[in-house]
file upload.txt (compact mmCIF, C-alpha atoms)
# COMPACT_ATOMS: atom_id res chain seq x y z
CA MET A 94 75.22 99.85 110.87
CA LYS A 95 73.39 99.36 114.11
CA ASP A 96 75.24 96.17 115.07
CA TRP A 97 78.68 97.68 114.56
CA PRO A 98 80.55 98.44 117.80
CA LEU A 99 81.60 101.96 118.69
CA TRP A 100 85.25 103.08 118.64
CA GLU A 101 86.76 106.15 120.29
CA VAL A 102 89.03 108.16 118.01
CA PHE A 103 92.23 109.94 119.08
CA VAL A 104 94.18 112.23 116.75
CA ARG A 105 97.74 113.48 117.07
CA ALA A 106 97.70 116.91 115.45
CA LYS A 107 101.46 117.12 114.92
CA GLY A 108 104.72 115.59 116.01
CA GLY A 109 105.47 116.06 119.71
CA MET A 110 101.84 116.56 120.71
CA SER A 111 99.82 113.89 122.45
CA HIS A 112 96.84 112.15 120.88
CA ARG A 113 93.62 113.94 121.74
CA HIS A 114 90.12 112.49 121.84
CA VAL A 115 88.06 113.87 118.95
CA GLY A 116 84.95 111.68 118.78
CA SER A 117 83.82 108.22 117.83
CA VAL A 118 82.92 106.05 114.83
CA HIS A 119 80.99 102.85 114.23
CA ALA A 120 82.89 100.06 112.47
CA PRO A 121 82.85 96.26 112.29
CA ASP A 122 86.51 95.91 113.34
CA SER A 123 89.60 97.93 114.22
CA GLU A 124 91.03 98.12 110.69
CA ILE A 125 87.83 99.57 109.26
CA ALA A 126 87.47 101.77 112.37
CA LEU A 127 90.86 103.30 111.61
CA ARG A 128 89.78 104.06 108.05
CA HIS A 129 86.44 105.46 109.17
CA ALA A 130 88.31 107.64 111.64
CA ARG A 131 90.59 108.83 108.85
CA ASP A 132 87.63 109.63 106.58
CA THR A 133 85.61 111.28 109.33
CA TYR A 134 88.14 113.19 111.42
CA THR A 135 91.23 113.92 109.30
CA ARG A 136 89.67 115.18 106.07
CA ARG A 137 91.00 118.67 106.65
CA MET A 138 94.57 117.78 107.61
CA GLU A 139 93.74 117.62 111.31
CA GLY A 140 96.27 114.94 112.11
CA ILE A 141 99.34 112.86 111.42
CA SER A 142 98.50 109.87 113.60
CA LEU A 143 95.32 108.08 114.65
CA TRP A 144 94.34 105.73 117.43
CA VAL A 145 91.06 103.89 117.72
CA VAL A 146 90.01 102.19 120.93
CA PRO A 147 86.90 100.06 121.48
CA SER A 148 84.54 102.29 123.47
CA ALA A 149 83.57 99.26 125.55
CA GLN A 150 87.14 99.08 126.84
CA ILE A 151 86.95 102.49 128.46
CA THR A 152 86.22 102.58 132.17
CA ALA A 153 84.59 105.89 133.03
CA SER A 154 84.08 107.64 136.33
CA ASP A 155 80.51 107.74 137.61
CA PRO A 156 78.95 111.23 137.28
CA ALA A 157 76.91 110.46 140.41
CA GLU A 158 80.16 110.28 142.36
CA ASP A 159 81.58 113.53 141.07
CA GLY A 160 81.60 114.94 144.57
CA ALA A 161 83.83 112.30 146.10
CA MET A 162 86.00 112.12 143.00
CA PHE A 163 86.72 115.75 142.30
CA ASP A 164 85.59 118.11 145.04
CA PRO A 165 88.45 117.33 147.46
CA ALA A 166 90.91 118.90 145.00
CA GLU A 167 89.01 122.16 145.02
CA ASP A 168 90.70 123.88 148.00
CA LYS A 169 94.21 122.51 147.47
CA ILE A 170 95.40 125.52 145.54
CA TYR A 171 98.92 124.96 146.90
CA ARG A 172 99.17 122.06 144.43
CA HIS A 173 99.47 124.56 141.60
CA PRO A 174 103.10 125.38 140.95
CA THR A 175 102.45 129.12 141.09
CA PHE A 176 103.75 129.72 144.62
CA TYR A 177 107.38 129.26 143.77
CA SER A 178 109.50 132.10 142.50
CA ILE A 179 111.98 130.99 139.91
CA PRO A 180 115.47 132.44 140.24
CA ASP A 181 116.45 134.59 137.27
CA ASP A 182 119.47 132.46 136.42
CA VAL A 183 117.39 129.30 135.97
CA LYS A 184 116.78 129.33 132.26
CA HIS A 185 115.25 126.07 131.20
CA ILE A 186 112.31 125.09 133.31
CA MET B 1300 75.43 111.76 64.38
CA ALA B 1301 74.97 112.52 60.74
CA SER B 1302 77.89 111.40 58.63
CA LEU B 1303 79.34 113.44 55.82
CA PRO B 1304 78.76 112.35 52.22
CA PRO B 1305 81.71 110.56 50.61
CA ILE B 1306 84.20 112.74 48.79
CA ASP B 1307 85.24 112.09 45.20
CA LEU B 1308 89.01 111.94 45.37
CA PRO B 1309 91.05 113.24 42.45
CA SER B 1310 93.03 110.51 40.72
CA GLY B 1311 96.30 109.80 42.51
CA ALA B 1312 95.13 111.01 45.94
CA THR B 1313 95.09 108.43 48.74
CA GLY B 1314 92.62 110.21 50.97
CA ALA B 1315 94.74 109.20 53.97
CA GLY B 1316 94.96 112.84 54.98
CA ALA B 1317 98.50 112.68 56.27
CA PHE B 1318 100.10 114.78 53.56
CA ASP B 1319 100.96 117.90 55.50
CA ALA B 1320 99.68 117.44 59.06
CA PRO B 1321 102.40 118.97 61.22
CA ALA B 1322 103.87 116.59 63.80
CA ASP B 1323 103.09 119.18 66.44
CA ASP B 1324 99.36 118.97 65.80
CA ALA B 1325 99.48 115.19 65.88
CA HIS B 1326 101.14 115.29 69.29
CA ARG B 1327 98.63 117.81 70.51
CA ALA B 1328 95.73 115.63 69.35
CA VAL B 1329 97.11 112.54 71.11
CA ARG B 1330 97.64 114.54 74.26
CA PHE B 1331 94.07 115.84 74.13
CA ASP B 1332 92.62 112.36 73.58
CA TYR B 1333 94.74 110.85 76.32
CA LEU B 1334 93.92 113.56 78.88
CA LEU B 1335 90.23 113.18 78.03
CA ARG B 1336 90.39 109.48 78.89
CA LEU B 1337 92.14 110.13 82.18
CA GLY B 1338 89.75 112.94 83.05
CA ASP B 1339 86.57 111.14 82.01
CA ASP B 1340 87.46 108.00 84.00
CA SER B 1341 87.85 110.06 87.16
CA LEU B 1342 84.88 112.34 86.48
CA ILE B 1343 82.35 109.60 85.78
CA LEU B 1344 83.39 107.42 88.71
CA GLY B 1345 83.42 110.49 90.97
CA GLN B 1346 79.86 111.33 89.88
CA ARG B 1347 78.77 107.71 90.40
CA LEU B 1348 80.13 107.68 93.94
CA SER B 1349 78.45 110.99 94.74
CA GLU B 1350 75.13 109.20 94.12
CA TRP B 1351 75.75 107.37 97.40
CA CYS B 1352 75.74 110.61 99.36
CA GLY B 1353 73.04 110.29 102.01
CA HIS B 1354 72.31 106.66 101.06
CA ALA B 1355 75.33 104.68 102.29
CA PRO B 1356 74.93 101.91 104.89
CA SER B 1357 76.29 104.18 107.66
CA VAL B 1358 77.34 107.77 108.06
CA GLU B 1359 81.01 106.71 108.17
CA VAL B 1360 80.72 104.81 104.88
CA ASP B 1361 78.83 107.76 103.44
CA LEU B 1362 81.87 109.93 104.19
CA SER B 1363 84.31 107.36 102.80
CA LEU B 1364 82.44 107.21 99.49
CA ALA B 1365 82.05 110.99 99.29
CA ASN B 1366 85.80 111.35 99.96
CA PHE B 1367 86.53 108.92 97.11
CA GLY B 1368 84.25 110.95 94.87
CA LEU B 1369 85.90 114.22 95.78
CA ASP B 1370 89.38 112.81 95.13
CA LEU B 1371 88.25 111.65 91.70
CA VAL B 1372 86.48 114.89 90.76
CA GLY B 1373 89.64 116.74 91.79
CA GLN B 1374 91.70 114.58 89.44
CA ALA B 1375 89.16 115.17 86.67
CA THR B 1376 89.39 118.92 87.21
CA HIS B 1377 93.14 118.80 86.55
CA PHE B 1378 93.01 116.39 83.61
CA LEU B 1379 90.07 118.02 81.83
CA GLY B 1380 91.49 121.50 82.40
CA GLN B 1381 94.71 120.36 80.75
CA ALA B 1382 92.74 118.66 77.98
CA GLY B 1383 90.94 121.90 77.22
CA ALA B 1384 94.26 123.74 77.08
CA ALA B 1385 95.78 121.04 74.86
CA GLU B 1386 92.86 121.23 72.47
CA GLY B 1387 93.34 124.98 72.10
CA GLN B 1388 89.71 125.70 71.17
CA GLY B 1389 88.97 127.70 74.31
CA ARG B 1390 87.09 124.91 76.08
CA SER B 1391 87.59 124.87 79.85
CA GLY B 1392 87.49 121.75 82.02
CA ASP B 1393 83.92 122.62 83.04
CA LYS B 1394 82.92 123.04 79.43
CA LEU B 1395 84.27 119.56 78.67
CA ALA B 1396 82.57 118.04 81.70
CA PHE B 1397 79.16 119.64 81.38
CA HIS B 1398 78.69 120.50 77.72
CA ARG B 1399 79.72 117.31 75.98
CA ASP B 1400 77.25 114.68 74.82
CA VAL B 1401 77.45 111.03 75.73
CA LEU B 1402 79.08 109.92 72.46
CA ASP B 1403 81.98 112.28 73.11
CA PHE B 1404 82.89 110.80 76.49
CA ARG B 1405 86.01 108.66 76.52
CA ASN B 1406 85.79 106.93 79.91
CA CYS B 1407 86.03 103.16 80.22
CA LEU B 1408 82.76 101.28 80.61
CA LEU B 1409 83.62 100.03 84.10
CA VAL B 1410 83.30 103.44 85.77
CA GLU B 1411 79.85 104.17 84.33
CA GLN B 1412 78.32 100.91 85.61
CA PRO B 1413 75.51 101.45 88.09
CA ASN B 1414 76.27 101.43 91.80
CA GLY B 1415 73.89 98.55 92.51
CA ASP B 1416 74.25 97.63 96.16
CA PHE B 1417 77.26 98.43 98.33
CA ALA B 1418 78.96 95.17 97.34
CA GLN B 1419 78.64 95.95 93.64
CA THR B 1420 80.07 99.43 94.23
CA MET B 1421 83.02 97.94 96.12
CA ALA B 1422 83.58 95.32 93.40
CA ARG B 1423 83.78 98.09 90.80
CA HIS B 1424 86.00 100.18 93.01
CA LEU B 1425 88.46 97.38 93.71
CA LEU B 1426 88.78 96.55 90.01
CA PHE B 1427 89.16 100.17 88.98
CA SER B 1428 91.29 101.63 91.78
CA THR B 1429 93.78 98.76 91.61
CA TRP B 1430 94.24 99.55 87.92
CA GLN B 1431 94.25 103.33 88.40
CA GLU B 1432 96.85 103.16 91.16
CA MET B 1433 99.18 101.17 88.88
CA LEU B 1434 98.48 103.50 85.95
CA PHE B 1435 99.25 106.61 88.00
CA GLY B 1436 102.30 104.89 89.47
CA HIS B 1437 103.68 104.61 85.93
CA LEU B 1438 102.43 108.05 84.83
CA ILE B 1439 104.66 109.66 87.45
CA ALA B 1440 107.39 109.02 84.89
CA SER B 1441 105.38 110.57 82.05
CA THR B 1442 107.35 112.94 79.81
CA ASP B 1443 104.42 115.32 80.20
CA GLU B 1444 105.17 117.33 83.33
CA GLN B 1445 101.54 118.17 84.06
CA ILE B 1446 100.36 114.58 83.77
CA ALA B 1447 103.29 113.45 85.92
CA ALA B 1448 102.46 116.04 88.59
CA VAL B 1449 98.79 115.08 88.83
CA ALA B 1450 99.69 111.39 88.86
CA ALA B 1451 102.16 111.91 91.71
CA LYS B 1452 99.47 113.57 93.83
CA ALA B 1453 96.63 111.27 92.83
CA VAL B 1454 98.49 107.98 93.27
CA LYS B 1455 98.34 108.43 97.06
CA GLU B 1456 94.61 109.12 96.96
CA VAL B 1457 93.98 106.08 94.84
CA ALA B 1458 96.23 103.84 96.95
CA TYR B 1459 93.87 104.56 99.81
CA HIS B 1460 90.84 103.81 97.61
CA ARG B 1461 92.35 100.47 96.70
CA GLU B 1462 93.11 99.64 100.33
CA LEU B 1463 89.64 100.43 101.61
CA ALA B 1464 87.89 98.74 98.67
CA SER B 1465 90.04 95.64 99.27
CA GLU B 1466 89.10 95.61 102.96
CA TRP B 1467 85.41 95.71 102.10
CA VAL B 1468 85.63 93.06 99.39
CA ILE B 1469 87.42 90.80 101.89
CA ARG B 1470 84.85 91.42 104.62
CA LEU B 1471 81.81 91.05 102.40
CA GLY B 1472 83.18 88.01 100.57
CA ASP B 1473 84.22 86.32 103.79
CA GLY B 1474 81.19 87.60 105.72
CA THR B 1475 77.61 86.38 105.99
CA ASP B 1476 75.83 84.24 103.38
CA GLU B 1477 74.04 87.35 102.14
CA SER B 1478 77.12 89.59 101.92
CA ARG B 1479 79.01 86.82 100.13
CA ARG B 1480 76.21 86.31 97.61
CA ARG B 1481 76.06 90.05 96.95
CA MET B 1482 79.84 90.31 96.56
CA ILE B 1483 79.87 87.44 94.06
CA ASP B 1484 77.03 89.08 92.09
CA GLY B 1485 78.81 92.44 92.14
CA LEU B 1486 82.08 91.00 90.84
CA ASP B 1487 80.17 89.04 88.24
CA TRP B 1488 78.59 92.24 86.94
CA MET B 1489 81.89 94.15 86.71
CA TRP B 1490 84.27 91.42 85.53
CA ARG B 1491 83.55 91.74 81.77
CA PHE B 1492 84.67 95.38 81.81
CA VAL B 1493 88.22 94.66 83.01
CA PRO B 1494 89.73 93.76 79.59
CA GLU B 1495 88.90 97.26 78.31
CA LEU B 1496 91.24 98.71 80.95
CA PHE B 1497 94.12 96.91 79.24
CA GLU B 1498 93.15 97.66 75.65
CA MET B 1499 95.98 99.31 73.71
CA ASP B 1500 94.21 101.02 70.81
CA GLU B 1501 95.76 103.63 68.55
CA VAL B 1502 95.48 106.55 70.97
CA ALA B 1503 96.89 104.55 73.88
CA THR B 1504 99.71 103.19 71.75
CA ARG B 1505 100.68 106.57 70.39
CA ALA B 1506 100.52 108.15 73.83
CA ALA B 1507 102.79 105.41 75.17
CA ASP B 1508 105.16 105.70 72.20
CA CYS B 1509 105.69 109.42 72.70
CA GLY B 1510 106.19 108.97 76.44
CA ILE B 1511 103.19 110.84 77.80
CA GLY B 1512 101.22 107.64 78.36
CA VAL B 1513 101.85 104.12 79.57
CA ASP B 1514 101.71 100.72 77.94
CA VAL B 1515 99.15 99.22 80.33
CA GLY B 1516 100.14 95.73 79.17
CA ARG B 1517 103.23 96.14 81.33
CA PHE B 1518 101.22 95.70 84.50
CA ARG B 1519 98.47 93.34 83.40
CA GLU B 1520 100.01 90.34 85.10
CA ASP B 1521 100.73 92.28 88.26
CA TYR B 1522 97.12 93.50 88.23
CA ASP B 1523 95.70 90.01 87.88
CA ASN B 1524 97.88 88.78 90.73
CA ARG B 1525 96.80 91.59 93.03
CA ILE B 1526 93.11 91.08 92.31
CA ARG B 1527 93.47 87.33 92.79
CA ALA B 1528 95.22 87.89 96.12
CA VAL B 1529 92.36 90.06 97.42
CA LEU B 1530 89.75 87.56 96.19
CA ALA B 1531 91.66 84.71 97.82
CA GLU B 1532 91.63 86.56 101.13
CA ALA B 1533 87.90 87.11 100.60
CA THR B 1534 87.60 83.31 100.06
CA LEU B 1535 86.19 84.02 96.59
CA GLU B 1536 86.99 82.40 93.27
CA PRO B 1537 87.72 84.83 90.42
CA PRO B 1538 84.59 85.00 88.24
CA ALA B 1539 84.65 82.90 85.07
CA ASP B 1540 85.96 84.89 82.12
CA GLN B 1541 83.15 86.52 80.19
CA ARG B 1542 82.97 88.01 76.75
CA PRO B 1543 84.83 91.32 77.14
CA ILE B 1544 82.84 94.45 76.46
CA LEU B 1545 84.83 97.24 74.85
CA GLY B 1546 84.08 100.55 73.22
CA GLY B 1547 83.96 103.22 75.92
CA ARG B 1548 87.20 104.78 74.66
CA ARG B 1549 85.54 105.26 71.27
CA GLY B 1550 82.31 106.68 72.71
CA HIS B 1551 80.28 103.45 72.50
CA HIS B 1552 78.80 103.57 75.98
CA SER B 1553 76.27 101.53 77.91
CA GLU B 1554 72.80 102.97 78.41
CA HIS B 1555 73.81 103.93 81.96
CA LEU B 1556 76.09 106.82 81.03
CA GLY B 1557 73.35 108.94 79.46
CA HIS B 1558 71.32 108.81 82.67
CA LEU B 1559 74.36 109.76 84.73
CA LEU B 1560 75.11 112.73 82.46
CA ALA B 1561 71.48 113.87 82.52
CA VAL B 1562 71.75 114.35 86.27
CA MET B 1563 75.29 115.72 86.23
CA GLN B 1564 74.82 118.16 83.35
CA PHE B 1565 71.27 119.31 84.01
CA LEU B 1566 72.09 122.40 86.02
CA PRO B 1567 74.90 123.95 83.93
CA ARG B 1568 72.99 123.24 80.72
CA THR B 1569 69.70 124.64 81.97
CA TYR B 1570 71.27 127.66 83.68
CA PRO B 1571 74.47 128.33 81.70
CA ASP B 1572 75.18 131.51 83.68
CA ALA B 1573 74.87 129.88 87.09
CA THR B 1574 77.84 130.38 89.40
CA TRP B 1575 78.48 129.36 92.99
call {"tool": "encode", "arguments": {"input": "upload.txt", "output": "structure tokens"}}
result
Amino acid sequence: MKDWPLWEVFVRAKGGMSHRHVGSVHAPDSEIALRHARDTYTRRMEGISLWVVPSAQITASDPAEDGAMFDPAEDKIYRHPTFYSIPDDVKHI
Amino acid sequence: MASLPPIDLPSGATGAGAFDAPADDAHRAVRFDYLLRLGDDSLILGQRLSEWCGHAPSVEVDLSLANFGLDLVGQATHFLGQAGAAEGQGRSGDKLAFHRDVLDFRNCLLVEQPNGDFAQTMARHLLFSTWQEMLFGHLIASTDEQIAAVAAKAVKEVAYHRELASEWVIRLGDGTDESRRRMIDGLDWMWRFVPELFEMDEVATRAADCGIGVDVGRFREDYDNRIRAVLAEATLEPPADQRPILGGRRGHHSEHLGHLLAVMQFLPRTYPDATW
């Protein structure tokens, strides 16, 4: 219905994994939103847990400010943990 | 249906026909009749709900109703398949679903009632799924392993149906003036078909006696309490009791079922060799 608010849907695929954003549903309230999410996004056994969040509650970065937000990370390749050699006797890392 | 001419009985014969019917056949007949009821309830309501496909108030509700329908058609596939096997005349589940005439259907009258508006559909679904969940909950203990297995799987599906239907009845009843009026009208339409759900006729009694079925009277009070609790949360009064309408289990259906079957059976009857 056009006056129903939008809810963002997050699905946990299996135990130990984090919830992942999968899409959105319209619903009059959170209880119905959860059921709509179940009927829309977990029909094929995609998940074992669901979150719904009012879309209006999400604060998003401004695409117009992509440059200032993300470009400075571009040349900081030393932040990737690929420059360290791991000693052979370190097993669990 | 044409009826047979009366038979002149020889003197001394009762005509009761029970003289040498093996107990095994009697059990098989009860099992067939009982499975047909279970299967037809699910099949007809599943077909009804599929009529909403593409017409529901929103795409999310469209999916919810289609999911309900698919759950129910899946149950019908199991029950009617088993019914065909129990009958032993070589009829498959599809044959029973698509090549039976309206008088031979054994579903309750509630499930064949028209969808009406969304409120009427939810009224019907609350009244039916609450009952079906309790029925399946008891059928898990059926002495018939196949019925028990289907019930164990289906009870979870139907528990969800009951939950979602309850949520909608509560929201529509306790919603706007219009949604409340529509919810009251929907319940009013469906209410007279509830007593049939709790009718214990000969087939139901014999099925319960031999352990494959359930005495539905055992959960009548629980059912009434649950429905009343949902209506109370929806700020609705239970409708006034109406004259109960019975007969679906004997093939005495409302005019609505024929129209439903015409749509459902058209393709397999017109193109008997069609496959997909």
call {"tool": "interface_residues", "arguments": {"input": "upload.txt", "of": "chain B", "to": "chain A", "cutoff": "12 Å", "atoms": "all atoms listed in the file", "output": "ChimeraX atom specification"}}
result
/B:1355-1367,1369-1370,1456,1459-1460,1462-1467,1469-1471,1474
call {"tool": "residues_around", "arguments": {"input": "upload.txt", "residues": "Arg1461 (chain B)", "least_positions_apart": "6", "cutoff": "12 Å", "atoms": "all atoms listed in the file", "output": "number ranges by chain"}}
result
B: 1367, 1421-1433, 1454-1455, 1467-1468, 1522, 1525-1526, 1529
call {"tool": "atom_distance", "arguments": {"input": "upload.txt", "atom1": "CA of Val1401 (chain B)", "atom2": "CA of Asp1339 (chain B)"}}
result
11.1 Å
call {"tool": "atom_distance", "arguments": {"input": "upload.txt", "atom1": "CA of Ser1391 (chain B)", "atom2": "CA of Ile1343 (chain B)"}}
result
17.2 Å
call {"tool": "residues_around", "arguments": {"input": "upload.txt", "residues": "region 1570-1572 of chain B", "least_positions_apart": "4", "cutoff": "12 Å", "atoms": "all atoms listed in the file", "output": "ChimeraX atom specification"}}
result
/B:1393-1394,1397-1398,1564-1566
